[in-house]
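A.B. asks: Quick one: the structure is below, and I'll ask about it shortly.
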Amino acid sequence: MSLITTISNLFSKPEPKHQLGMSIGQKAITVCYLSENLEADYQKIELGTDVNQNLSADLTTKTVTAKLAELSSGLQSPSNCQIIIPVSHYQIVQVDKPNVPDAEIAAALKWQIKDLVTIAVEDMIIDYFDGPTLAGGAKLNVVCASKAFLTELVGALTDDNIHLKKISTEEFAFASLVEKQDTAVLLVCQQPNEEIMLMIVKKGKVYFHRRLRGFAQIEKQSEQELTMGTIDSLSLEIQRSTDYFERQLKQAPIKAIQVIVPMDNENILVGKLAQNTHIPVQLLALPELHQNQRKHAAAIGATMLDNLENNFE
């Protein structure tokens, strides 16, 4: 499509008034649809395979894009769409901010991270957001994804009813759910069948993020199993993260821990974590419209990405 055609379409088509948030997880795509009058609908689309397994890149991409194309063709009204790509298809690394003009940062970062990621330079699409400023200088968090995968993804959403506005990551989807405040919040968050992630969010900005291993099946654990080591292990990781934030990054102490780990024993998890720390622990409260849809949290967060200060598209 030529530039002239693109500009013409921008002026000839009204901006959609409906919102569509999609999150591609390990085994399913979760969807949050918001109509013009703020009525919400949710959907879970089983992928029929695990996109994080050692499948060929082509097979993984075809599995996801086929489901997205099916969803796109089934929409009844034009919608703005924000999509969260699967954890297995992007990498985030932190590097020193290159000493080049702003317009040249993206190009410089590709060569700076080429040995830190598994994606070839010629296949990279990158974006970045600010990291902490330490004694050694300013840092950047670089988000790297495969151009081939994203091209296939965008190509699957070609229906006139889909207006793709943003492609983002799980970190930003969850961070967008945290109410903006001047004090730092540590978020314990998880999508079904994914590993738990710890994040620190302050003033709508992601300061810290860390994915833990070994907690993907926590929702299947009984109260006894949780109390026989799982919660103690999680508490230790939380303590390590708060210590790093306060001592290494020289930030003010964290004032609250919020939890969104959708499972039957979520309240038990919160209660036990509260016993292991001096910081108040509570469930992350979703917006009232979505309060009973915790397993769709990442898709809900996708519709709220504009809440963040250091978001990227």
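Letters A, B, ... go to the chains of the structure tokens in the order shown; residues in each chain start at 1; ligands are counted from 1 in the same order.
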Give me, as a list in words, all polymer residues having an atom no more than 12 Å from Leu150 (chain A), counting only C-alpha atoms and skipping those fewer than 2 positions away in the same chain.

C.D. replies: Thr61, Lys62, Val64, Thr65, Ile83, Ile84, Ile85, Pro86, His89, Tyr90, Asp123, Met124, Ile125, Ile126, Cys144, Ala145, Ser146, Lys147, Ala148, Glu152, Leu153, Val154, Gly155, Ala156, Leu157, Lys166, Ile167 and Ser168 of chain A

A.B. asks: Hey, what does DSSP flag as helix (DSSP H, G or I) within region 171-254 of chain A? Can you give it to me as a ChimeraX atom specification?

C.D. replies: /A:171-175,218-220,223-248

A.B. asks: Would you output that residue set with C-alpha atoms, as a tab-separated table (two decimals), in the first residue's frame?

C.D. replies:
chain	number	residue	atom	x	y	z
A	171	GLU	CA	5.38	-6.72	31.36
A	172	PHE	CA	3.52	-3.67	30.12
A	173	ALA	CA	0.12	-5.37	30.09
A	174	PHE	CA	0.38	-6.10	33.81
A	175	ALA	CA	1.99	-2.76	34.69
A	218	ILE	CA	1.27	-23.02	41.19
A	219	GLU	CA	-2.47	-22.80	40.48
A	220	LYS	CA	-2.71	-26.59	40.75
A	223	GLU	CA	-3.01	-25.19	50.41
A	224	GLN	CA	-0.70	-27.74	52.00
A	225	GLU	CA	1.63	-27.78	48.99
A	226	LEU	CA	1.75	-23.99	48.98
A	227	THR	CA	2.75	-23.86	52.63
A	228	MET	CA	5.32	-26.64	52.36
A	229	GLY	CA	7.90	-24.62	50.49
A	230	THR	CA	6.34	-22.83	47.50
A	231	ILE	CA	5.35	-19.66	49.34
A	232	ASP	CA	8.62	-19.54	51.26
A	233	SER	CA	10.53	-19.77	47.97
A	234	LEU	CA	8.40	-17.03	46.43
A	235	SER	CA	8.84	-14.85	49.53
A	236	LEU	CA	12.62	-15.21	49.24
A	237	GLU	CA	12.53	-14.05	45.61
A	238	ILE	CA	10.37	-11.07	46.60
A	239	GLN	CA	12.86	-10.14	49.32
A	240	ARG	CA	15.76	-10.36	46.87
A	241	SER	CA	13.93	-8.09	44.44
A	242	THR	CA	13.06	-5.47	47.07
A	243	ASP	CA	16.65	-5.48	48.35
A	244	TYR	CA	17.97	-4.93	44.82
A	245	PHE	CA	15.52	-2.10	44.18
A	246	GLU	CA	16.28	-0.30	47.42
A	247	ARG	CA	20.01	-0.98	47.85
A	248	GLN	CA	21.39	-1.29	44.33

A.B. asks: Determine, counting only C-alpha atoms, which protein, DNA and RNA residues have an atom within 12 Å of an atom of Gly25 (chain A); residues of the same chain fewer than 3 positions away are not included. Present the result as JSON, numbers by chain.

C.D. replies: {"A": [22, 28, 29, 30, 31, 44, 45, 46, 47, 48, 49, 50, 51, 52, 64, 83, 84, 85, 86, 87, 88, 89, 169, 170, 190, 191, 192, 193, 194, 195, 295, 296, 297, 298, 299]}

A.B. asks: Please produce a file of those selected residues containing N, CA and C atoms, as an mmCIF file, in the first residue's frame.

C.D. replies:
data_model
loop_
_atom_site.group_PDB
_atom_site.id
_atom_site.type_symbol
_atom_site.label_atom_id
_atom_site.label_comp_id
_atom_site.auth_asym_id
_atom_site.auth_seq_id
_atom_site.Cartn_x
_atom_site.Cartn_y
_atom_site.Cartn_z
ATOM 1 N N MET A 22 -5.706 -8.382 23.215
ATOM 2 C CA MET A 22 -5.411 -9.808 23.035
ATOM 3 C C MET A 22 -4.052 -10.124 23.636
ATOM 4 N N ALA A 28 -2.949 -20.620 25.071
ATOM 5 C CA ALA A 28 -4.207 -20.010 24.627
ATOM 6 C C ALA A 28 -4.018 -18.528 24.363
ATOM 7 N N ILE A 29 -4.930 -17.979 23.584
ATOM 8 C CA ILE A 29 -5.027 -16.531 23.392
ATOM 9 C C ILE A 29 -6.219 -16.062 24.206
ATOM 10 N N THR A 30 -5.989 -15.099 25.104
ATOM 11 C CA THR A 30 -7.101 -14.527 25.856
ATOM 12 C C THR A 30 -7.461 -13.181 25.249
ATOM 13 N N VAL A 31 -8.761 -12.896 25.254
ATOM 14 C CA VAL A 31 -9.282 -11.732 24.548
ATOM 15 C C VAL A 31 -10.203 -10.942 25.466
ATOM 16 N N LYS A 44 -11.474 -17.079 25.456
ATOM 17 C CA LYS A 44 -10.228 -17.836 25.546
ATOM 18 C C LYS A 44 -10.168 -18.768 24.350
ATOM 19 N N ILE A 45 -9.130 -18.618 23.534
ATOM 20 C CA ILE A 45 -8.983 -19.408 22.315
ATOM 21 C C ILE A 45 -7.839 -20.394 22.518
ATOM 22 N N GLU A 46 -8.156 -21.655 22.642
ATOM 23 C CA GLU A 46 -7.130 -22.672 22.829
ATOM 24 C C GLU A 46 -6.288 -22.802 21.558
ATOM 25 N N LEU A 47 -4.969 -22.866 21.755
ATOM 26 C CA LEU A 47 -4.071 -22.976 20.604
ATOM 27 C C LEU A 47 -3.906 -24.418 20.136
ATOM 28 N N GLY A 48 -4.173 -25.356 21.018
ATOM 29 C CA GLY A 48 -4.037 -26.750 20.638
ATOM 30 C C GLY A 48 -2.605 -27.223 20.644
ATOM 31 N N THR A 49 -1.687 -26.339 21.026
ATOM 32 C CA THR A 49 -0.267 -26.692 21.130
ATOM 33 C C THR A 49 0.375 -25.700 22.059
ATOM 34 N N ASP A 50 1.578 -25.959 22.440
ATOM 35 C CA ASP A 50 2.322 -25.104 23.354
ATOM 36 C C ASP A 50 3.305 -24.270 22.542
ATOM 37 N N VAL A 51 3.093 -22.950 22.478
ATOM 38 C CA VAL A 51 3.951 -22.124 21.625
ATOM 39 C C VAL A 51 5.352 -21.983 22.185
ATOM 40 N N ASN A 52 5.584 -22.465 23.398
ATOM 41 C CA ASN A 52 6.927 -22.413 23.963
ATOM 42 C C ASN A 52 7.679 -23.730 23.817
ATOM 43 N N VAL A 64 -0.465 -19.720 15.779
ATOM 44 C CA VAL A 64 -0.963 -18.470 16.360
ATOM 45 C C VAL A 64 -1.708 -17.635 15.327
ATOM 46 N N ILE A 83 -2.183 -5.850 21.106
ATOM 47 C CA ILE A 83 -1.872 -7.263 21.220
ATOM 48 C C ILE A 83 -0.583 -7.469 22.018
ATOM 49 N N ILE A 84 -0.605 -8.474 22.890
ATOM 50 C CA ILE A 84 0.549 -8.852 23.699
ATOM 51 C C ILE A 84 1.149 -10.119 23.094
ATOM 52 N N ILE A 85 2.404 -10.045 22.706
ATOM 53 C CA ILE A 85 3.028 -11.195 22.046
ATOM 54 C C ILE A 85 3.511 -12.210 23.090
ATOM 55 N N PRO A 86 3.686 -13.476 22.688
ATOM 56 C CA PRO A 86 4.053 -14.509 23.659
ATOM 57 C C PRO A 86 5.466 -14.323 24.194
ATOM 58 N N VAL A 87 5.644 -14.718 25.445
ATOM 59 C CA VAL A 87 6.934 -14.579 26.116
ATOM 60 C C VAL A 87 8.055 -15.251 25.328
ATOM 61 N N SER A 88 7.738 -16.351 24.665
ATOM 62 C CA SER A 88 8.756 -17.098 23.923
ATOM 63 C C SER A 88 9.245 -16.362 22.675
ATOM 64 N N HIS A 89 8.573 -15.264 22.306
ATOM 65 C CA HIS A 89 8.899 -14.604 21.041
ATOM 66 C C HIS A 89 9.471 -13.198 21.210
ATOM 67 N N THR A 169 4.260 -6.164 25.292
ATOM 68 C CA THR A 169 4.676 -7.364 25.995
ATOM 69 C C THR A 169 3.916 -7.512 27.312
ATOM 70 N N GLU A 170 4.049 -8.698 27.886
ATOM 71 C CA GLU A 170 3.329 -9.017 29.117
ATOM 72 C C GLU A 170 3.697 -8.062 30.255
ATOM 73 N N GLN A 190 0.903 -13.267 37.122
ATOM 74 C CA GLN A 190 1.034 -14.489 36.334
ATOM 75 C C GLN A 190 -0.154 -14.645 35.404
ATOM 76 N N GLN A 191 0.110 -15.124 34.205
ATOM 77 C CA GLN A 191 -0.936 -15.624 33.326
ATOM 78 C C GLN A 191 -1.023 -17.137 33.520
ATOM 79 N N PRO A 192 -2.195 -17.730 33.290
ATOM 80 C CA PRO A 192 -2.311 -19.192 33.414
ATOM 81 C C PRO A 192 -1.266 -19.918 32.577
ATOM 82 N N ASN A 193 -0.623 -20.917 33.184
ATOM 83 C CA ASN A 193 0.389 -21.764 32.542
ATOM 84 C C ASN A 193 1.697 -21.051 32.226
ATOM 85 N N GLU A 194 1.868 -19.838 32.749
ATOM 86 C CA GLU A 194 3.122 -19.118 32.566
ATOM 87 C C GLU A 194 3.867 -19.063 33.900
ATOM 88 N N GLU A 195 5.131 -18.675 33.845
ATOM 89 C CA GLU A 195 5.880 -18.473 35.068
ATOM 90 C C GLU A 195 5.451 -17.175 35.748
ATOM 91 N N LYS A 295 -8.301 -14.210 35.140
ATOM 92 C CA LYS A 295 -7.546 -15.020 34.186
ATOM 93 C C LYS A 295 -7.388 -14.325 32.833
ATOM 94 N N HIS A 296 -8.075 -13.206 32.659
ATOM 95 C CA HIS A 296 -7.946 -12.417 31.431
ATOM 96 C C HIS A 296 -7.170 -11.124 31.695
ATOM 97 N N ALA A 297 -6.414 -11.085 32.794
ATOM 98 C CA ALA A 297 -5.778 -9.831 33.217
ATOM 99 C C ALA A 297 -4.849 -9.249 32.162
ATOM 100 N N ALA A 298 -4.049 -10.085 31.501
ATOM 101 C CA ALA A 298 -3.114 -9.556 30.502
ATOM 102 C C ALA A 298 -3.855 -8.950 29.310
ATOM 103 N N ALA A 299 -4.949 -9.588 28.886
ATOM 104 C CA ALA A 299 -5.749 -9.040 27.781
ATOM 105 C C ALA A 299 -6.429 -7.741 28.202
#

A.B. asks: Residues near Glu288 (chain A), anyone? I mean within 12 Å using only C-alpha atoms, not counting same-chain ones fewer than 3 positions away, as a list in words.

C.D. replies: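 Skipping anything fewer than 3 positions along the chain leaves Leu38, Glu39, Ala40, Leu177, Leu284, Ala285, Gln291, Asn292, Gln293, Arg294 and Ile300 of chain A.
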
A.B. asks: Select from region 241-282 of chain A everything DSSP, run on the backbone, classes as strand (DSSP E), then give the selection as a compact mmCIF listing (two decimals) with all heavy atoms, in the first residue's frame.

C.D. replies:
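This is the output file out_36.txt:
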# COMPACT_ATOMS: atom_id res chain seq x y z
N ALA A 256 4.04 -1.32 49.06
CA ALA A 256 2.92 -2.27 48.92
C ALA A 256 3.31 -3.39 47.97
O ALA A 256 4.10 -3.20 47.03
CB ALA A 256 1.68 -1.56 48.40
N ILE A 257 2.77 -4.57 48.22
CA ILE A 257 2.88 -5.71 47.32
C ILE A 257 1.48 -6.08 46.87
O ILE A 257 0.58 -6.24 47.70
CB ILE A 257 3.54 -6.92 48.02
CG1 ILE A 257 4.98 -6.58 48.43
CG2 ILE A 257 3.54 -8.15 47.11
CD1 ILE A 257 5.65 -7.65 49.27
N GLN A 258 1.28 -6.17 45.57
CA GLN A 258 -0.02 -6.54 45.02
C GLN A 258 0.13 -7.83 44.22
O GLN A 258 1.16 -8.06 43.58
CB GLN A 258 -0.58 -5.41 44.14
CG GLN A 258 -0.83 -4.13 44.94
CD GLN A 258 -1.47 -3.03 44.11
OE1 GLN A 258 -1.77 -3.22 42.93
NE2 GLN A 258 -1.67 -1.88 44.72
N VAL A 259 -0.88 -8.66 44.27
CA VAL A 259 -0.81 -10.01 43.71
C VAL A 259 -1.94 -10.24 42.73
O VAL A 259 -3.11 -9.94 43.03
CB VAL A 259 -0.89 -11.06 44.84
CG1 VAL A 259 -0.88 -12.49 44.25
CG2 VAL A 259 0.25 -10.89 45.84
N ILE A 260 -1.60 -10.75 41.55
CA ILE A 260 -2.61 -11.28 40.65
C ILE A 260 -2.06 -12.58 40.07
O ILE A 260 -1.30 -12.59 39.09
CB ILE A 260 -3.04 -10.28 39.56
CG1 ILE A 260 -4.10 -10.93 38.67
CG2 ILE A 260 -1.86 -9.74 38.76
CD1 ILE A 260 -4.97 -9.95 37.93
N VAL A 281 0.48 -6.71 51.91
CA VAL A 281 0.23 -7.53 50.72
C VAL A 281 -1.27 -7.61 50.49
O VAL A 281 -2.04 -7.87 51.42
CB VAL A 281 0.80 -8.96 50.88
CG1 VAL A 281 0.60 -9.76 49.59
CG2 VAL A 281 2.27 -8.92 51.27
N GLN A 282 -1.70 -7.39 49.26
CA GLN A 282 -3.13 -7.47 48.94
C GLN A 282 -3.31 -7.91 47.49
O GLN A 282 -2.37 -7.89 46.69
CB GLN A 282 -3.80 -6.11 49.14
CG GLN A 282 -3.22 -5.00 48.27
CD GLN A 282 -3.77 -3.63 48.60
OE1 GLN A 282 -4.33 -3.40 49.67
NE2 GLN A 282 -3.61 -2.69 47.68

A.B. asks: Can you pull out every residue within 9 Å of Cys81 (chain A), counting only C-alpha atoms, but drop anything in the same chain fewer than 3 positions away, and send it as a PyMOL selection string?

C.D. replies: chain A and resi 18-22+162-167+302-303

A.B. asks: Mind dumping the selected residues with C-alpha atoms as a PDB file, in the first residue's frame?

C.D. replies:
ATOM      1  CA  HIS A  18     -14.504  -0.414  20.296  1.00  0.00           C
ATOM      2  CA  GLN A  19     -11.392  -1.804  21.997  1.00  0.00           C
ATOM      3  CA  LEU A  20      -9.852  -5.241  21.589  1.00  0.00           C
ATOM      4  CA  GLY A  21      -7.077  -6.493  23.861  1.00  0.00           C
ATOM      5  CA  MET A  22      -5.411  -9.808  23.035  1.00  0.00           C
ATOM      6  CA  ILE A 162      -9.117  -4.792  13.046  1.00  0.00           C
ATOM      7  CA  HIS A 163      -7.198  -1.544  13.509  1.00  0.00           C
ATOM      8  CA  LEU A 164      -3.903  -2.659  15.063  1.00  0.00           C
ATOM      9  CA  LYS A 165      -2.675   0.136  17.313  1.00  0.00           C
ATOM     10  CA  LYS A 166      -0.017  -1.421  19.526  1.00  0.00           C
ATOM     11  CA  ILE A 167       2.110  -4.529  19.875  1.00  0.00           C
ATOM     12  CA  ALA A 302      -3.634  -4.630  26.761  1.00  0.00           C
ATOM     13  CA  THR A 303      -6.651  -2.323  26.489  1.00  0.00           C
TER      14      THR A 303
END

A.B. asks: Just to confirm, what's the straight-line distance from CA of His209 (chain A) to CA of Leu289 (chain A) in Å (one decimal)?

C.D. replies: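 CA of His209 (chain A) sits 27.0 Å away from CA of Leu289 (chain A).
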
A.B. asks: A:Ala66, A:Ile105, A:Leu187, A:Val117: which is nearest Val201 (chain A), counting only C-alpha atoms?

C.D. replies: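 Closest residue, counting only C-alpha atoms: A:Leu187.
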
A.B. asks: Between A:Gly214, A:Asp159, A:Gly131, A:Met304, which residue has the minimum interatomic distance to Ala69 (chain A), considering only C-alpha atoms?

C.D. replies: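 Result for the nearest residue to Ala69 (chain A): A:Asp159.
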
A.B. asks: CA of Ala107 (chain A) and CA of Gln94 (chain A) are how many Å apart?

C.D. replies: 15.7 Å

A.B. asks: Quick one: pull the distance between CA of Val178 (chain A) and CA of Lys97 (chain A), Å, one decimal.

C.D. replies: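 These atoms are spaced 27.2 Å apart.
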
A.B. asks: Between A:Lys255, A:Lys180, A:Glu266, A:Leu186, which residue has the minimum interatomic distance to Gln221 (chain A), considering only C-alpha atoms?

C.D. replies: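 The answer is A:Glu266, which sits nearest to Gln221 (chain A).
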
A.B. asks: Nearest residue to Phe129 (chain A) out of A:Lys205, A:Cys189, A:Lys67, A:Gln82, using only C-alpha atoms?

C.D. replies: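 Ranked by minimum distance to Phe129 (chain A), first place goes to A:Lys205.
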
A.B. asks: Looking at A:Val188, A:Gln275, A:Met197, A:Val206, which one is nearest to Tyr128 (chain A), with distances taken over only C-alpha atoms?

C.D. replies: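 Closest to Tyr128 (chain A), using only C-alpha atoms: A:Val206.
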